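K.L.:
Dropping a structure here in C-alpha cells format, bear with me for questions.
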Amino acid sequence: MSDTIFEKESKYFFHTFHRLPLEIDRGEGVYLYSKEGKRYLDFFSGLAVNPLGYNHPSVNEAIEKQIHRYIHLSNYYVQEKTVELAERILSATGYQRIFFSNSGTEAVEGALKIVRKWGHGSKRTTILNLTNSFHGRTMGALSLTERPKYRDGYDPFLPNTNSVTFNDVGDLRAKVNEQTLGLILEFIQGEGGINVVSSEFALELKSLKEKYGFLLIADEIQSGIGRTGKFFGFEQYDIRPDIVVIAKAIGGGLPLGAILGNEKVAEVLTYGTHGTTFGGNPVACAAGCAVMEEIVNKGLMKRAGVIGGYIKSKAMELQKQFPAVIKEVRGFGCMLGIDLHREGQSIVDELMNRGVLINCTNVTVLRLLPPYIVTEQQCDQLMFELHSILKSLK
Ligand SMILES: Cc1ncc(COP(=O)(O)O)c(C=O)c1O
C-alpha cells in the first residue's frame with residue numbers, strides 16, 4: 001500500500017512543522033472542508049492571513065484578471081497593481097514610502113537595514129526589542145526575537161541588540177539612551193500569547209523617543225491590516241512609529257509583505273541599496289488591492305472591531321463562569337487571547353474534534369484570529385463548544 005500524505009510529509013520534509021491530522025479539500029467563507037467532507041469553523045484564518053475568509057470573490061477575481069495580463073515581470077518595471085497597492089496603503093496610513101517584500105521576516109530584515117543605514121557612522125548602535133517578542137526566522141529578525149524556543153542553537157546573533165522587559169517601564173528607561181538606534185516591538189504580541197503593551201509603557205516609549213530621537217519600528221505583521229479594528233495595532237495608542245512592517249493579511253493569501261517609512265527614513269534607501277526578485281509581485285499586489293478595498297473602503301475593518309468586541313465579551317463571560325480555568329482575556333478586535341491557568345493544547349484538540357479550529361500559543365493561551373467576516377452565530381458556536389469543554393474539565 002502506498003504511503004498516506006501524512007507519511008509522505010514526514011518522510012520528505014525537514015521536521016519543522018507539526019501538521020494537523022487534517023487534510024483540507026477546500027475553503028468557503030469562514031469554513032474549511034476536509035477531504036472526508038467534514039466542515040470546520042475556522043477561527044484561525046491561516047494564521048491571520050485570510051481576513052476576508054476563503055474563496056472571496058473580490059480576491060479571486062483580482063488574481064484571475066492579473067494572471068491573464070502577466071504574473072511576473074521583475075522590479076525593472078513599474079507594475080500597475082503594485083503601484084496601486086502602494087498608493088492605497090500609503091493613503092490609508094499616512095506613511096511616505098514603501099518597499100514590498102515576500103514575507104514578514106523579509107520586511108523585518110529590510111527594516112533593520114534601514115535602521116542601521118540611518119544611524120550609520122553615528123554613536124547610535126543598539127537596536128532594542130521586547131522580551132517574549134517574535135519577529136521572524138531569518139537571522140536578523142531572529143536576533144530581535146527574544147523567545148528561546150525560536151533562538152536556541154542559532155547563535156551567534158547580530159551584535160548590538162538588547163531586550164527590554166515587556167511592559168516594564170523602569171527597564172525601558174534604564175536601557176534607552178544616546179546609543180539607542182532603534183526599538184522594534186509588536187504592540188500586541190502574537191506568538192508570545194496576545195500580550196498587549198500597557199498605555200503607561202507606550203507613553204514612556206513616546207516620551208523617550210522624543211527625548212533621544214531613535215527610530216521606532218512597529219511589527220504589524222500579525223496585528224495590522226485592520227485586525228484590531230484599526231488599520232494598525234499601534235493606533236490603539238497615541239504613538240506614531242517611524243517604520244512599520246506588514247505582511248500576512250495584505251496579500252489576500254498570497255505571499256506579500258512591506259516596509260513603510262515616514263519622512264525621517266524616506267531618503268535612507270537609495271538605488272541599488274536594497275532589493276528583491278519577487279517582492280511586490282503583481283498578482284499578490286492585485287489580491288492586496290482587493291483586500292484594501294474590502295477592509296478600508298467597504299468597512300470590514302470596522303466590523304473586525306465590532307465582532308471582535310462581541311467575541312471578547314463572550315469570552316469574558318466564560319471567564320466569570322470558569323475562573324479556575326481562565327486567567328485572563330486579552331487583545332483587540334479579531335486578535336484575542338484566552339489565557340488559561342493550564343496548558344491549552346488539549347482544548348484546541350477537542351475543539352477540532354467538534355469542528356472548530358483555533359490555536360494555542362505560548363502553552364497556555366488560546367489564540368483567536370478569525371476572519372473579519374465571522375458572524376455572531378458562528379462566534380456563539382465557538383463559545384458553546386468551549387463552554388461545554390470547560391464544563392467537562394471541572
Ligand atoms: C509579529 C510577527 N512578526 C514577524 C512574523 C514573521 O512573518 P513571516 O512568517 O511571514 O516571515 C510573524 C509571523 O508569524 C509575526 O507574527
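Residue numbers start at 1 in each chain; chains themselves are named A, B, ... in the order of the C-alpha cells; ligands are numbered from 1 in the order shown.
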Would you mind listing the residues within 10 Å of ligand 1, counting only C-alpha atoms and all ligand atoms, as a PyMOL selection string?

P.N.:
chain A and resi 47-49+101-109+133-138+141-142+145+185-192+218-224+245-249+255-257

K.L.:
What's around A:Val59 at 8 Å? Count only C-alpha atoms, leave out sequence neighbours fewer than 4 positions away in its own chain, and write the answer as a ChimeraX atom specification.

P.N.:
/A:55,63,252,286-288,290-291

K.L.:
Where in stretch 84-288 of chain A does DSSP assign strand (DSSP E or B), given as a PyMOL selection string?

P.N.:
chain A and resi 97-101+126-130+161-164+180-185+188-189+195-196+215-219+243-246+257-261

K.L.:
So, with only C-alpha atoms as the atoms that count, which of A:Ile225, A:Leu128, A:Met1, A:Leu172 lies closest to A:Phe201?

P.N.:
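Among A:Ile225, A:Leu128, A:Met1, A:Leu172, it is A:Leu172 that comes nearest to A:Phe201.
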
K.L.:
Determine which residues of stretch 87-210 of chain A DSSP labels as helix (DSSP H, G or I) from the backbone of this structure, then write them out as a PDB file with C-alpha atoms, in the first residue's frame.

P.N.:
ATOM      1  CA  GLU A  87      -0.906  54.209  -3.205  1.00  0.00           C
ATOM      2  CA  ARG A  88      -3.775  52.544  -1.335  1.00  0.00           C
ATOM      3  CA  ILE A  89      -1.584  51.620   1.652  1.00  0.00           C
ATOM      4  CA  LEU A  90       0.204  54.970   1.885  1.00  0.00           C
ATOM      5  CA  SER A  91      -3.002  56.990   1.581  1.00  0.00           C
ATOM      6  CA  ALA A  92      -4.736  54.818   4.221  1.00  0.00           C
ATOM      7  CA  THR A  93      -1.829  55.099   6.668  1.00  0.00           C
ATOM      8  CA  GLY A 104       7.074  39.198   7.214  1.00  0.00           C
ATOM      9  CA  THR A 105      10.585  38.206   8.160  1.00  0.00           C
ATOM     10  CA  GLU A 106      11.948  39.785   4.986  1.00  0.00           C
ATOM     11  CA  ALA A 107      10.151  43.015   5.797  1.00  0.00           C
ATOM     12  CA  VAL A 108      11.784  42.948   9.249  1.00  0.00           C
ATOM     13  CA  GLU A 109      15.205  42.342   7.646  1.00  0.00           C
ATOM     14  CA  GLY A 110      14.702  45.312   5.333  1.00  0.00           C
ATOM     15  CA  ALA A 111      13.554  47.489   8.223  1.00  0.00           C
ATOM     16  CA  LEU A 112      16.692  46.571  10.189  1.00  0.00           C
ATOM     17  CA  LYS A 113      18.811  47.543   7.198  1.00  0.00           C
ATOM     18  CA  ILE A 114      17.047  50.922   7.024  1.00  0.00           C
ATOM     19  CA  VAL A 115      17.641  51.450  10.731  1.00  0.00           C
ATOM     20  CA  ARG A 116      21.336  50.518  10.503  1.00  0.00           C
ATOM     21  CA  LYS A 117      21.903  52.735   7.461  1.00  0.00           C
ATOM     22  CA  TRP A 118      20.054  55.657   9.043  1.00  0.00           C
ATOM     23  CA  MET A 139      18.958  35.745  11.204  1.00  0.00           C
ATOM     24  CA  GLY A 140      18.316  39.475  11.616  1.00  0.00           C
ATOM     25  CA  ALA A 141      14.696  39.031  12.651  1.00  0.00           C
ATOM     26  CA  LEU A 142      15.684  36.108  14.877  1.00  0.00           C
ATOM     27  CA  SER A 143      18.312  38.297  16.568  1.00  0.00           C
ATOM     28  CA  PRO A 148      14.465  30.830  23.427  1.00  0.00           C
ATOM     29  CA  LYS A 149      12.087  28.413  21.709  1.00  0.00           C
ATOM     30  CA  TYR A 150      12.936  30.076  18.383  1.00  0.00           C
ATOM     31  CA  ARG A 151      16.562  31.057  19.091  1.00  0.00           C
ATOM     32  CA  VAL A 169       8.694  50.998  32.306  1.00  0.00           C
ATOM     33  CA  GLY A 170      11.739  51.039  34.613  1.00  0.00           C
ATOM     34  CA  ASP A 171      13.663  48.632  32.388  1.00  0.00           C
ATOM     35  CA  LEU A 172      12.743  50.703  29.331  1.00  0.00           C
ATOM     36  CA  ARG A 173      14.096  53.849  30.991  1.00  0.00           C
ATOM     37  CA  ALA A 174      17.234  52.000  32.050  1.00  0.00           C
ATOM     38  CA  LYS A 175      18.008  50.624  28.585  1.00  0.00           C
ATOM     39  CA  SER A 199      -0.682  52.525  27.994  1.00  0.00           C
ATOM     40  CA  GLU A 200       1.956  53.526  30.598  1.00  0.00           C
ATOM     41  CA  PHE A 201       4.638  51.678  28.648  1.00  0.00           C
ATOM     42  CA  ALA A 202       3.531  53.253  25.339  1.00  0.00           C
ATOM     43  CA  LEU A 203       3.512  56.691  26.945  1.00  0.00           C
ATOM     44  CA  GLU A 204       7.046  56.270  28.274  1.00  0.00           C
ATOM     45  CA  LEU A 205       8.178  54.930  24.907  1.00  0.00           C
ATOM     46  CA  LYS A 206       6.776  58.026  23.227  1.00  0.00           C
ATOM     47  CA  SER A 207       8.485  60.376  25.631  1.00  0.00           C
ATOM     48  CA  LEU A 208      11.859  58.548  25.364  1.00  0.00           C
ATOM     49  CA  LYS A 209      11.577  58.581  21.589  1.00  0.00           C
ATOM     50  CA  GLU A 210      11.055  62.349  21.690  1.00  0.00           C
TER      51      GLU A 210
END

K.L.:
Choose the residue, out of A:Leu300, A:Ile326, A:Leu336, A:Cys379, that has the smallest atom-to-atom separation from A:Lys230; count only C-alpha atoms.

P.N.:
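Closest to A:Lys230 of all the choices is A:Leu300.
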
K.L.:
Quick one: residues within 6 Å of A:Gly333, only C-alpha atoms counted, chain neighbours fewer than 4 positions away excluded, as JSON, numbers by chain?

P.N.:
{"A": [228, 229, 304, 305, 308, 309]}

K.L.:
Would you mind reading off the distance between atom CA of A:Leu158 and atom CA of A:Leu130, one decimal, in Å?

P.N.:
15.6 Å

K.L.:
Nearest residue to A:Tyr310 out of A:Ser58, A:Thr375, A:Asn132, A:Thr165, using only C-alpha atoms?

P.N.:
A:Thr375

K.L.:
Write out as a list in words the residues lying within 12 Å of A:Tyr77, counting only C-alpha atoms and excluding same-chain residues fewer than 6 positions away.

P.N.:
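Final neighbour list, sorted by chain and number: Tyr70, Val83, Thr277, Gly280, Asn281 and Pro282 of chain A.
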
K.L.:
Measure the distance from atom CA of A:Ile358 to atom CA of A:Ser10 in Å and round it to one decimal.

P.N.:
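Here the two named atoms are 23.3 Å from each other.
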
K.L.:
Could you check how far atom CA of A:Met301 sits from atom CA of A:Tyr372, in Å to one decimal?

P.N.:
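Atom CA of A:Tyr372 lies at a distance of 7.4 Å from atom CA of A:Met301.
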
K.L.:
Which is closer to A:Ile338 than all the others in A:His56, A:Lys314, A:Arg26, A:Arg354, using only C-alpha atoms?

P.N.:
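Using only C-alpha atoms, A:Ile338 sits closest to A:Lys314.
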
K.L.:
With only C-alpha atoms as the atoms that count, which of A:Val329, A:Leu183, A:Ile5, A:Val374 lies nearest to A:His341?

P.N.:
A:Val329

K.L.:
When you look at A:Leu390 with a cut-off of 12 Å (counting only C-alpha atoms), what residues show up, excluding the ones that are within fewer than 4 positions of it in the same chain? I need them as a ChimeraX atom specification.

P.N.:
/A:315,318-319,321-326,340,342,344,346-348,350-351,383-386,394

K.L.:
Within 7 Å of A:Asp242, counting only C-alpha atoms, which residues show up once you throw out same-chain ones fewer than 3 positions away? Write them as a CSV table (one decimal) with C-alpha atoms, in the first residue's frame, please.

P.N.:
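What follows is the written file selection.csv:
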chain,number,residue,atom,x,y,z
A,215,LEU,CA,13.7,55.1,15.3
A,216,LEU,CA,10.6,53.2,16.4
A,217,ILE,CA,9.7,50.1,14.4
A,261,GLY,CA,8.6,54.6,6.4
A,262,ASN,CA,8.0,58.2,7.4

K.L.:
Name the closest residue to A:Glu28 among the candidates A:Pro371, A:Gly279, A:Pro159, A:Gly213; distances are taken between atoms, counting only C-alpha atoms.

P.N.:
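Using only C-alpha atoms, the shortest distance to A:Glu28 belongs to A:Pro371.
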
K.L.:
Neighbours of A:Thr4 within 12 Å (only C-alpha atoms; same-chain residues fewer than 4 positions away dropped), as a list of chain:residue names?

P.N.:
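So the residues in contact are A:Lys8, A:Glu9, A:Ser10, A:Lys11, A:Pro21, A:Leu22, A:Glu23.
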